[in-house]
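Colleague: One structure is given below, represented as structure tokens, and several questions about it will come after.
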Amino acid sequence: MTTTQAVDPVFTFLFGACLVLLVGITATMVFFVVRYRRSKNPEPTSQVSGSPLLEVIWTVLPTLLVMGMFYYGWTSYLSLRTVPKNAMQVKAEARMWSWNFIYDNGKQSGKLIVPVGRPVQVNLESKDVVHGFYVPAFKIKRDVVPGMKNHVWFVATSPGTYDLFCSQYCGTGHSAMITTVEALPPAQFAAWLQQQAAGGAAQGQALLEKYGCLGCHSLDGTAKVGPTFKGLYGSQVKVHRGDKEETVTVDEGYLRESILNPAAAVVDDFPAVMPQSAMPEADLKAVIEYLKGLK
Amino acid sequence: MSHQEKDSFGAKLGMWLFLFTEMLLFGGVFILYSVYLNRYPKEFGLGGHQLDLVFGATNTVVLLTSSLFAAMSVTAIKRGAKRLTLGLLSVTIGCALVFLCIKYLEWSAKFHHGIYPNSPKLIAGPPGESIFFSLYYLTTGLHGIHVVIGGILMTWTAVMVQKGILNSTDNVTLENVTLYWHLVDLVWIFIFPLYYLIL
Amino acid sequence: MDTEHSEHILSYGKLMAVWVALLVLTAATIMVTRVELGVWKVWAALAIASIKSGLVIAFFMHMKYEPRLFRIILFVALFTLAGFIGGTFFDVLYR
Amino acid sequence: MSQDTAIGQGGFWRDTGRTGIGSWIFSTDHKRIGLMYLYCVLGFFLVGVSLGLLIRLELIAPGPTIVTAQTYNALFTVHGVVMIFLFIIPGIPASFGNLVLPIQLGARDVAFPRVNLLSWWLYAIGAVIVLVSLFTGGGAPDTGWTFYVPFSARTTTNVSLAVFGVFVLGFSSILTGINFITTIHRMRAPGMTWTRIPLFAWSLYATAWVQVLATPIIAITLLLVITERILGLGLFDPTRGGDPVMYQHMFWIYSHPAVYIMILPGMGVISDIIPVFSRKPIFGYKMIAFSSLAIAAAGSAVWGHHMYTSGMSDLGILVFSFLTFIVAIPSAIKVFNWVSTMYKGSISLEAPMLFALSFILLFSIGGLSGLILGAAATDIHVHDTHFVVGHFHYVMFGGTGFAFFAAAHYWLPKYYGRRYKEKPAIVGWILMFVGFNVMYFTMQVLGMEGMPRRYYDYLPEFARLNLVATVGSWILVAGIIIVVWNLWRGLFRGEPFTGNPWGGATLEWSIATPPPTENFDEDPVVTHGPYEFKGAGVP
Ligand code: HEA
Ligand code: HEA
Ligand code: CUA
Ligand SMILES: [Cu+2]
């Protein structure tokens, strides 16, 4: 059974029951208002102020109904918690404000690529604050809490792309912390998994993904939480250094400083929220080379 | 004119309700304490052994005694013994001061050893230990603030007794203030074993 | 409206007796926790603390001589606190 | 009182001979304090709805529209904080509770008039602190009204001050609660037995208990957020061994019971209004009174339903989900009893009754969607989406908000001696009702489709429904403006209002309009229940 199949019937049952109750109550209310309005019924025609029988009925019936709702909701919830044995393991790292998925063979990806038809268990780890792993298409959600081992599972039954949201509020870039689940046919998935990141440009991009830079910086010219990387190298930017305003031309030194010590010079109109990053020298070089090439 | 004659029953009811809120305020800290004790029994044990039992026990006796004097002052004022009431209240306030002095000594000894919230020593130590001491400072600090408030209220009532505003027939304010003081004692009755003894 | 309850004045002697009992109980907790009882010492210490607070509430705080309403609401408050702690433990003990 | 510009027709407005601001802000008269609360609360309501309007405007289309992401986050945080702590929690109890409760019991004032004044001052001070926090320090807080750690411990915005303001507001709420419990126990007039207490007073009694027993927990929790930020206690910091989920427990231990602080007084208002406008005794008085207590009691034990996805234990989810469904039962009892009260009555659809009837409908929608949230399997999907946002606006605005307006139309003329016009009130009500449903029902659909809450920007597939919701908010604005303007104009310059035009049987309708400062010339002796209309001077 998939997670969607477990949850959907509960929705149907609950919405159905609620609809019946709501329509019943509203209809009764409207009927009374019309039937007993003062112009038609100038004096009340009854003074009843209670009926033990009725009150017992409408205590007991709702009790039974809600117990049914509870039980159905609970048992279906259990299937969300029971991970099938053959599930593939993927680690999800959440940080402000991007996702990074790490596979058993060490491969990393900013999108969650999964094989169709095979259950996947995603182990959730947070690098900073609480995030939420939410894929509406599979009706699953779990908070990513720092210091805590949480997980979810799902299975994609047909190939396609599904939205993956961060559901737990985590700051400025919360609504930008979205990516996708891509379900590939098993053979294609196996091929993807084995593919090693090639050198050069592909490696640079992979590094940006790995360090979570792309949560805040885009490669296509749109400003996200931070300025875009596109055309950054060689351009002129206005920054303030402490209280001083200055205009700098982006060169290697500036890039290096911006990455290792982001608070030193803060670009105008952007908040000083970029975290310090402890990249090994080799990675730093590769990133800077890559950024230079982004025209 | 129900609000012109004093309703001492109502005043006491109101005071008890207020005491409940204080109980739940400390209750919040005790929730955290119990949860973290359950998670870090070893570290709590190590932390607890670094607290000084002599300081803790002395303060327990001091507070219990002050409570006794506070309770006796109520008896005294109802019997119309104004001088005695004032004397008993002064001893109570004195006990509060002694308590605070001892607390000060205890805290400064800990600070001296580099144990205070967010200290480098605690940050370097095991996680549970820093939790223990944070809770310790939080609880005793919050309690200390209540001792200070209690002392101030006690002084204020003593002045009112002196002026005769509180007397053998109208003394519910004194009763209420001593109720508050007993609550401070009650909280300590739990703090003492939880932090100094059981670990 | 509730009728005014008769004012009860506690004697000094009784208060002293309570105080002595409290000191004895304090000594008892210290002793109990110095012997090795394992987890039981937690419960023993808490039990003694509860007895002590019972004494303080009943005598120093006059609860014994107040109308029943006061005891009921005290119970409500304690029960609520117990519920808060208990509810939290449904989570933390079984995580 | 010949001048038609005079505020009110006398009564407590005039009879002390003192006017001017000092006679208000230092007055211990429960009516003056109630009115001061009312003005503040209404003021903050308008601030809050304006922020809500800005939120909707930003969400009208995907991408940046009118503000930046940071500003948006501050917007919904401040909107939530203002609405919860400054509008809806003090809303009905502190304003209408103060105005009406002592009179309904046959008392001259609350038990502790000076504490009552202190409570208003604390409210004012807390509100000022919250407002100051928006413009000082690192700027308006951006944590959401839930202040979840670790985010709230590390954001650079002015969280500490805002949280401190809320802490002060908590004390104000506690003092009101203590006052009301004592008042109800001690200040009832001769003959006012427990089964003759009006249901509004009963609901305040249950509310007051929640205020007294739950609020201290939020006080300590907020204190912990402050110490976490300033002293670095690390009690919730995972790198130091703390547990962020414990924060969530402590927060919701208060904040779930708080939702019953919000709704119970509203339910009390409805229980008072429906019988009056049906001219029939309330159906099942004892069950309604008792169910208020049951909601307060059971509601204190269900906080975990806000944490199903947090990583709480499955056993915890089992227990909290079960208890959540238990709380729904007393609410259901109330709804059924309200509807039955109208059976064979003589129903008059004046403004208070219209608001009351729409309360039943909107609260039912909100409450029933609460059941979807209470069931473990379904909550997983809709948690932290706009479905939840829809749920709580239905119960808070559709419930308490509409009850607030019902109470305003029902009671305020009594205190001003003047009344609003009926027609504009009805037009405003229709616009509010329609706009409300257009906006919030749409938001529930959005949530079902998976749109997370607190999202500044969203995917194109959500664009159409968001547009609909925003248009709904404009219809709602139009309604609120008409209703508030009509009330305002009417109370100060409308037709005189005297006697007992609605035909209420509770004590407030037996005294002069506006009530004199001492309420009763001589202590009333109560001889009949609150809803026995025969012989209660009903026209
Ligand atoms: C006035 C405030 C108020 C009220 C009264 C309620 C009432 C209820 N709420 Fe709500 N709730 C909130 C305010 C309120 N809530 C807020 C503010 C949040 C979000 C906080 C945040 O995250 O920011 C929230 C969130 C919230 C959640 C968490 C959602 C999530 O984040 O995932 C849940 C889950 O169980 C829930 C459940 C309920 C239930 C079961 C009730 C019940 O009490 C409802 C009972 C009512 C009825 C059932 C309807 C009337 C009865 C009938 C029509 C008769 C027929 C009924 C039956 C036969 C049962 N609420
Ligand atoms: C009582 C509580 C209450 C009330 C009444 C409202 C009212 C409104 N809220 Fe509320 N809302 C909350 C409590 C409330 N809200 C809470 C607690 C949150 C959660 C915050 C968080 O996530 O932390 C929230 C979150 C929230 C969101 C979700 C944000 C997000 O998650 O991204 C949205 C989005 O649409 C929204 C919109 C609105 C709107 C449009 C109104 C409207 O009802 C407003 C409509 C009315 C008007 C716009 C009238 C304005 C009138 C004037 C300005 C003129 C008056 C003039 C004269 C008197 C002369 N609110
Ligand atoms: Cu990450 Cu929201
Ligand atoms: Cu809740």
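Going by the structure tokens order, chains are called A, B, ..., each with residues numbered from 1, while ligands are numbered from 1 in the order shown.
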For chain C, report every residue with an atom at most 10 Å from chain D (counting only C-alpha atoms), formatted as a ChimeraX atom specification.

Modeller: /C:1-2,69,73,76-78,80-81,83-95

Colleague: List every residue of chain D that has an atom at most 12 Å from any atom of ligand 3, and for each one report the closest atom pair and its distance in Å to one decimal, counting only C-alpha atoms and all ligand atoms, with rows sorted by chain and then by increasing residue number, as a Markdown table.

Modeller:
```
| residue | atom | partner | partner_atom_place_in_ligand_line | distance |
| --- | --- | --- | --- | --- |
| D:Asn73 | CA | ligand 3 | 2 (Cu) | 11.6 |
| D:Thr143 | CA | ligand 3 | 2 (Cu) | 11.2 |
| D:Gly144 | CA | ligand 3 | 2 (Cu) | 11.7 |
| D:Tyr148 | CA | ligand 3 | 2 (Cu) | 11.9 |
| D:Phe151 | CA | ligand 3 | 2 (Cu) | 10.4 |
| D:Asp384 | CA | ligand 3 | 2 (Cu) | 10.4 |
| D:Thr385 | CA | ligand 3 | 2 (Cu) | 11.9 |
| D:Pro452 | CA | ligand 3 | 2 (Cu) | 9.4 |
| D:Arg453 | CA | ligand 3 | 2 (Cu) | 9.8 |
| D:Arg454 | CA | ligand 3 | 2 (Cu) | 8.7 |
| D:Tyr455 | CA | ligand 3 | 2 (Cu) | 8.7 |
| D:Tyr456 | CA | ligand 3 | 2 (Cu) | 11.0 |
```

Colleague: Kindly assemble as a Markdown table a list of the chain B residues that lie within 8 Å of chain D, each paired with its nearest atom pair and their distance in Å to one decimal, using only C-alpha atoms, sorted first by chain and then by ascending residue number.

Modeller:
```
| residue | atom | partner | partner_atom | distance |
| --- | --- | --- | --- | --- |
| B:Met1 | CA | D:Arg108 | CA | 7.3 |
| B:Ser2 | CA | D:Arg108 | CA | 7.2 |
| B:His3 | CA | D:Ala111 | CA | 7.2 |
| B:Gly10 | CA | D:Thr182 | CA | 6.2 |
| B:Leu13 | CA | D:Thr182 | CA | 6.6 |
| B:Gly14 | CA | D:Ile178 | CA | 5.9 |
| B:Leu17 | CA | D:Ile178 | CA | 6.1 |
| B:Phe18 | CA | D:Ile178 | CA | 6.9 |
| B:Phe20 | CA | D:Leu213 | CA | 7.0 |
| B:Thr21 | CA | D:Pro216 | CA | 5.6 |
| B:Glu22 | CA | D:Pro216 | CA | 7.1 |
| B:Leu24 | CA | D:Pro216 | CA | 5.8 |
| B:Leu25 | CA | D:Pro216 | CA | 4.7 |
| B:Phe26 | CA | D:Ile220 | CA | 7.8 |
| B:Gly27 | CA | D:Ile217 | CA | 7.8 |
| B:Gly28 | CA | D:Ile217 | CA | 5.6 |
| B:Val29 | CA | D:Ile220 | CA | 7.5 |
| B:Leu32 | CA | D:Met246 | CA | 7.6 |
| B:Pro117 | CA | D:Leu233 | CA | 5.4 |
| B:Asn118 | CA | D:Gly232 | CA | 5.4 |
| B:Ile123 | CA | D:Arg240 | CA | 7.1 |
| B:Pro126 | CA | D:Arg240 | CA | 7.9 |
| B:Pro127 | CA | D:Gly241 | CA | 4.4 |
| B:Gly128 | CA | D:Gly241 | CA | 5.7 |
| B:Ser130 | CA | D:Arg240 | CA | 6.9 |
| B:Ile131 | CA | D:Leu235 | CA | 5.8 |
| B:Ser134 | CA | D:Leu233 | CA | 5.4 |
| B:Leu135 | CA | D:Leu235 | CA | 7.7 |
```

Colleague: Store the residues picked out above in a file with N, CA, C and O atoms, as an mmCIF file, in the first residue's frame.

Modeller:
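Wrote part04.cif, looks like this:
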```cif
data_model
loop_
_atom_site.group_PDB
_atom_site.id
_atom_site.type_symbol
_atom_site.label_atom_id
_atom_site.label_comp_id
_atom_site.auth_asym_id
_atom_site.auth_seq_id
_atom_site.Cartn_x
_atom_site.Cartn_y
_atom_site.Cartn_z
ATOM 1 N N MET B 1 -23.867 47.057 49.724
ATOM 2 C CA MET B 1 -22.517 47.580 49.482
ATOM 3 C C MET B 1 -21.493 46.487 49.664
ATOM 4 O O MET B 1 -20.710 46.492 50.613
ATOM 5 N N SER B 2 -21.548 45.518 48.802
ATOM 6 C CA SER B 2 -20.734 44.344 49.077
ATOM 7 C C SER B 2 -19.246 44.642 49.005
ATOM 8 O O SER B 2 -18.452 43.927 49.576
ATOM 9 N N HIS B 3 -18.853 45.694 48.300
ATOM 10 C CA HIS B 3 -17.407 45.864 48.165
ATOM 11 C C HIS B 3 -16.830 46.815 49.190
ATOM 12 O O HIS B 3 -15.660 47.109 49.176
ATOM 13 N N GLY B 10 -12.906 36.178 50.344
ATOM 14 C CA GLY B 10 -12.638 36.413 48.924
ATOM 15 C C GLY B 10 -11.181 36.750 48.698
ATOM 16 O O GLY B 10 -10.555 36.279 47.751
ATOM 17 N N LEU B 13 -9.232 33.643 48.837
ATOM 18 C CA LEU B 13 -9.482 32.843 47.629
ATOM 19 C C LEU B 13 -8.640 33.380 46.477
ATOM 20 O O LEU B 13 -7.957 32.618 45.772
ATOM 21 N N GLY B 14 -8.663 34.692 46.308
ATOM 22 C CA GLY B 14 -7.876 35.298 45.236
ATOM 23 C C GLY B 14 -6.399 34.979 45.397
ATOM 24 O O GLY B 14 -5.701 34.645 44.449
ATOM 25 N N LEU B 17 -5.602 31.470 44.390
ATOM 26 C CA LEU B 17 -5.578 31.344 42.926
ATOM 27 C C LEU B 17 -4.251 31.852 42.389
ATOM 28 O O LEU B 17 -3.645 31.263 41.497
ATOM 29 N N PHE B 18 -3.789 32.961 42.971
ATOM 30 C CA PHE B 18 -2.516 33.484 42.509
ATOM 31 C C PHE B 18 -1.389 32.505 42.817
ATOM 32 O O PHE B 18 -0.489 32.278 42.005
ATOM 33 N N PHE B 20 -1.591 29.361 42.866
ATOM 34 C CA PHE B 20 -1.626 28.294 41.855
ATOM 35 C C PHE B 20 -0.824 28.695 40.628
ATOM 36 O O PHE B 20 -0.103 27.887 40.057
ATOM 37 N N THR B 21 -0.974 29.965 40.241
ATOM 38 C CA THR B 21 -0.221 30.360 39.047
ATOM 39 C C THR B 21 1.274 30.262 39.316
ATOM 40 O O THR B 21 2.043 29.870 38.451
ATOM 41 N N GLU B 22 1.677 30.579 40.533
ATOM 42 C CA GLU B 22 3.100 30.461 40.861
ATOM 43 C C GLU B 22 3.531 28.990 40.839
ATOM 44 O O GLU B 22 4.605 28.646 40.356
ATOM 45 N N LEU B 24 2.322 26.678 39.048
ATOM 46 C CA LEU B 24 2.453 26.198 37.666
ATOM 47 C C LEU B 24 3.645 26.827 36.972
ATOM 48 O O LEU B 24 4.259 26.208 36.108
ATOM 49 N N LEU B 25 3.988 28.038 37.376
ATOM 50 C CA LEU B 25 5.180 28.661 36.795
ATOM 51 C C LEU B 25 6.397 27.795 37.110
ATOM 52 O O LEU B 25 7.168 27.419 36.223
ATOM 53 N N PHE B 26 6.553 27.449 38.390
ATOM 54 C CA PHE B 26 7.662 26.559 38.729
ATOM 55 C C PHE B 26 7.428 25.171 38.148
ATOM 56 O O PHE B 26 8.377 24.465 37.807
ATOM 57 N N GLY B 27 6.163 24.796 38.047
ATOM 58 C CA GLY B 27 5.840 23.509 37.434
ATOM 59 C C GLY B 27 6.449 23.389 36.051
ATOM 60 O O GLY B 27 6.974 22.342 35.682
ATOM 61 N N GLY B 28 6.438 24.480 35.299
ATOM 62 C CA GLY B 28 7.030 24.462 33.967
ATOM 63 C C GLY B 28 8.494 24.073 34.022
ATOM 64 O O GLY B 28 8.979 23.260 33.235
ATOM 65 N N VAL B 29 9.217 24.633 35.002
ATOM 66 C CA VAL B 29 10.631 24.284 35.128
ATOM 67 C C VAL B 29 10.774 22.817 35.531
ATOM 68 O O VAL B 29 11.656 22.109 35.053
ATOM 69 N N LEU B 32 10.640 20.462 32.635
ATOM 70 C CA LEU B 32 11.921 20.361 31.935
ATOM 71 C C LEU B 32 12.901 19.523 32.753
ATOM 72 O O LEU B 32 13.608 18.665 32.215
ATOM 73 N N PRO B 117 26.081 29.938 33.198
ATOM 74 C CA PRO B 117 25.451 29.676 31.903
ATOM 75 C C PRO B 117 26.365 30.093 30.760
ATOM 76 O O PRO B 117 26.960 31.171 30.804
ATOM 77 N N ASN B 118 26.475 29.231 29.790
ATOM 78 C CA ASN B 118 27.241 29.548 28.583
ATOM 79 C C ASN B 118 28.742 29.690 28.840
ATOM 80 O O ASN B 118 29.440 30.282 28.052
ATOM 81 N N ILE B 123 30.370 24.593 27.923
ATOM 82 C CA ILE B 123 30.205 24.332 26.500
ATOM 83 C C ILE B 123 31.093 23.163 26.080
ATOM 84 O O ILE B 123 30.708 22.314 25.281
ATOM 85 N N PRO B 126 30.163 17.598 28.598
ATOM 86 C CA PRO B 126 29.088 16.805 27.977
ATOM 87 C C PRO B 126 27.784 17.588 27.976
ATOM 88 O O PRO B 126 27.561 18.422 28.855
ATOM 89 N N PRO B 127 26.925 17.331 26.974
ATOM 90 C CA PRO B 127 25.709 18.134 26.803
ATOM 91 C C PRO B 127 24.847 18.165 28.058
ATOM 92 O O PRO B 127 24.383 19.219 28.464
ATOM 93 N N GLY B 128 24.649 17.005 28.685
ATOM 94 C CA GLY B 128 23.737 16.960 29.813
ATOM 95 C C GLY B 128 24.182 17.819 30.970
ATOM 96 O O GLY B 128 23.374 18.335 31.733
ATOM 97 N N SER B 130 25.734 20.739 30.898
ATOM 98 C CA SER B 130 25.363 22.134 30.711
ATOM 99 C C SER B 130 23.864 22.306 30.943
ATOM 100 O O SER B 130 23.417 23.300 31.520
ATOM 101 N N ILE B 131 23.083 21.304 30.527
ATOM 102 C CA ILE B 131 21.644 21.365 30.796
ATOM 103 C C ILE B 131 21.389 21.413 32.291
ATOM 104 O O ILE B 131 20.593 22.218 32.789
ATOM 105 N N SER B 134 22.315 24.805 33.686
ATOM 106 C CA SER B 134 21.377 25.826 33.234
ATOM 107 C C SER B 134 20.082 25.729 34.031
ATOM 108 O O SER B 134 19.530 26.741 34.473
ATOM 109 N N LEU B 135 19.601 24.501 34.224
ATOM 110 C CA LEU B 135 18.367 24.337 34.993
ATOM 111 C C LEU B 135 18.579 24.784 36.437
ATOM 112 O O LEU B 135 17.708 25.406 37.045
#
```

Colleague: Please provide the set of residues having any atom within 12 Å of A:Asp8, restricted to only C-alpha atoms, with same-chain residues fewer than 5 positions apart removed, written as a PyMOL selection string.

Modeller: (chain A and resi 1-3+13-15+72-73+76-77+136-140) or (chain D and resi 377-381+448)

Colleague: Residues within 6 Å of ligand 2 (only C-alpha atoms and all ligand atoms), as a PyMOL selection string?

Modeller: chain D and resi 46+49-50+52-53+55-56+76-77+80+83-84+88+144-145+389+393+396-397+453-455+473+476-477+480-481+484-485

Colleague: Give me, as a ChimeraX atom specification, the contact residues of chain A against chain C at a cut-off of 12 Å, counting only C-alpha atoms.

Modeller: /A:148-150
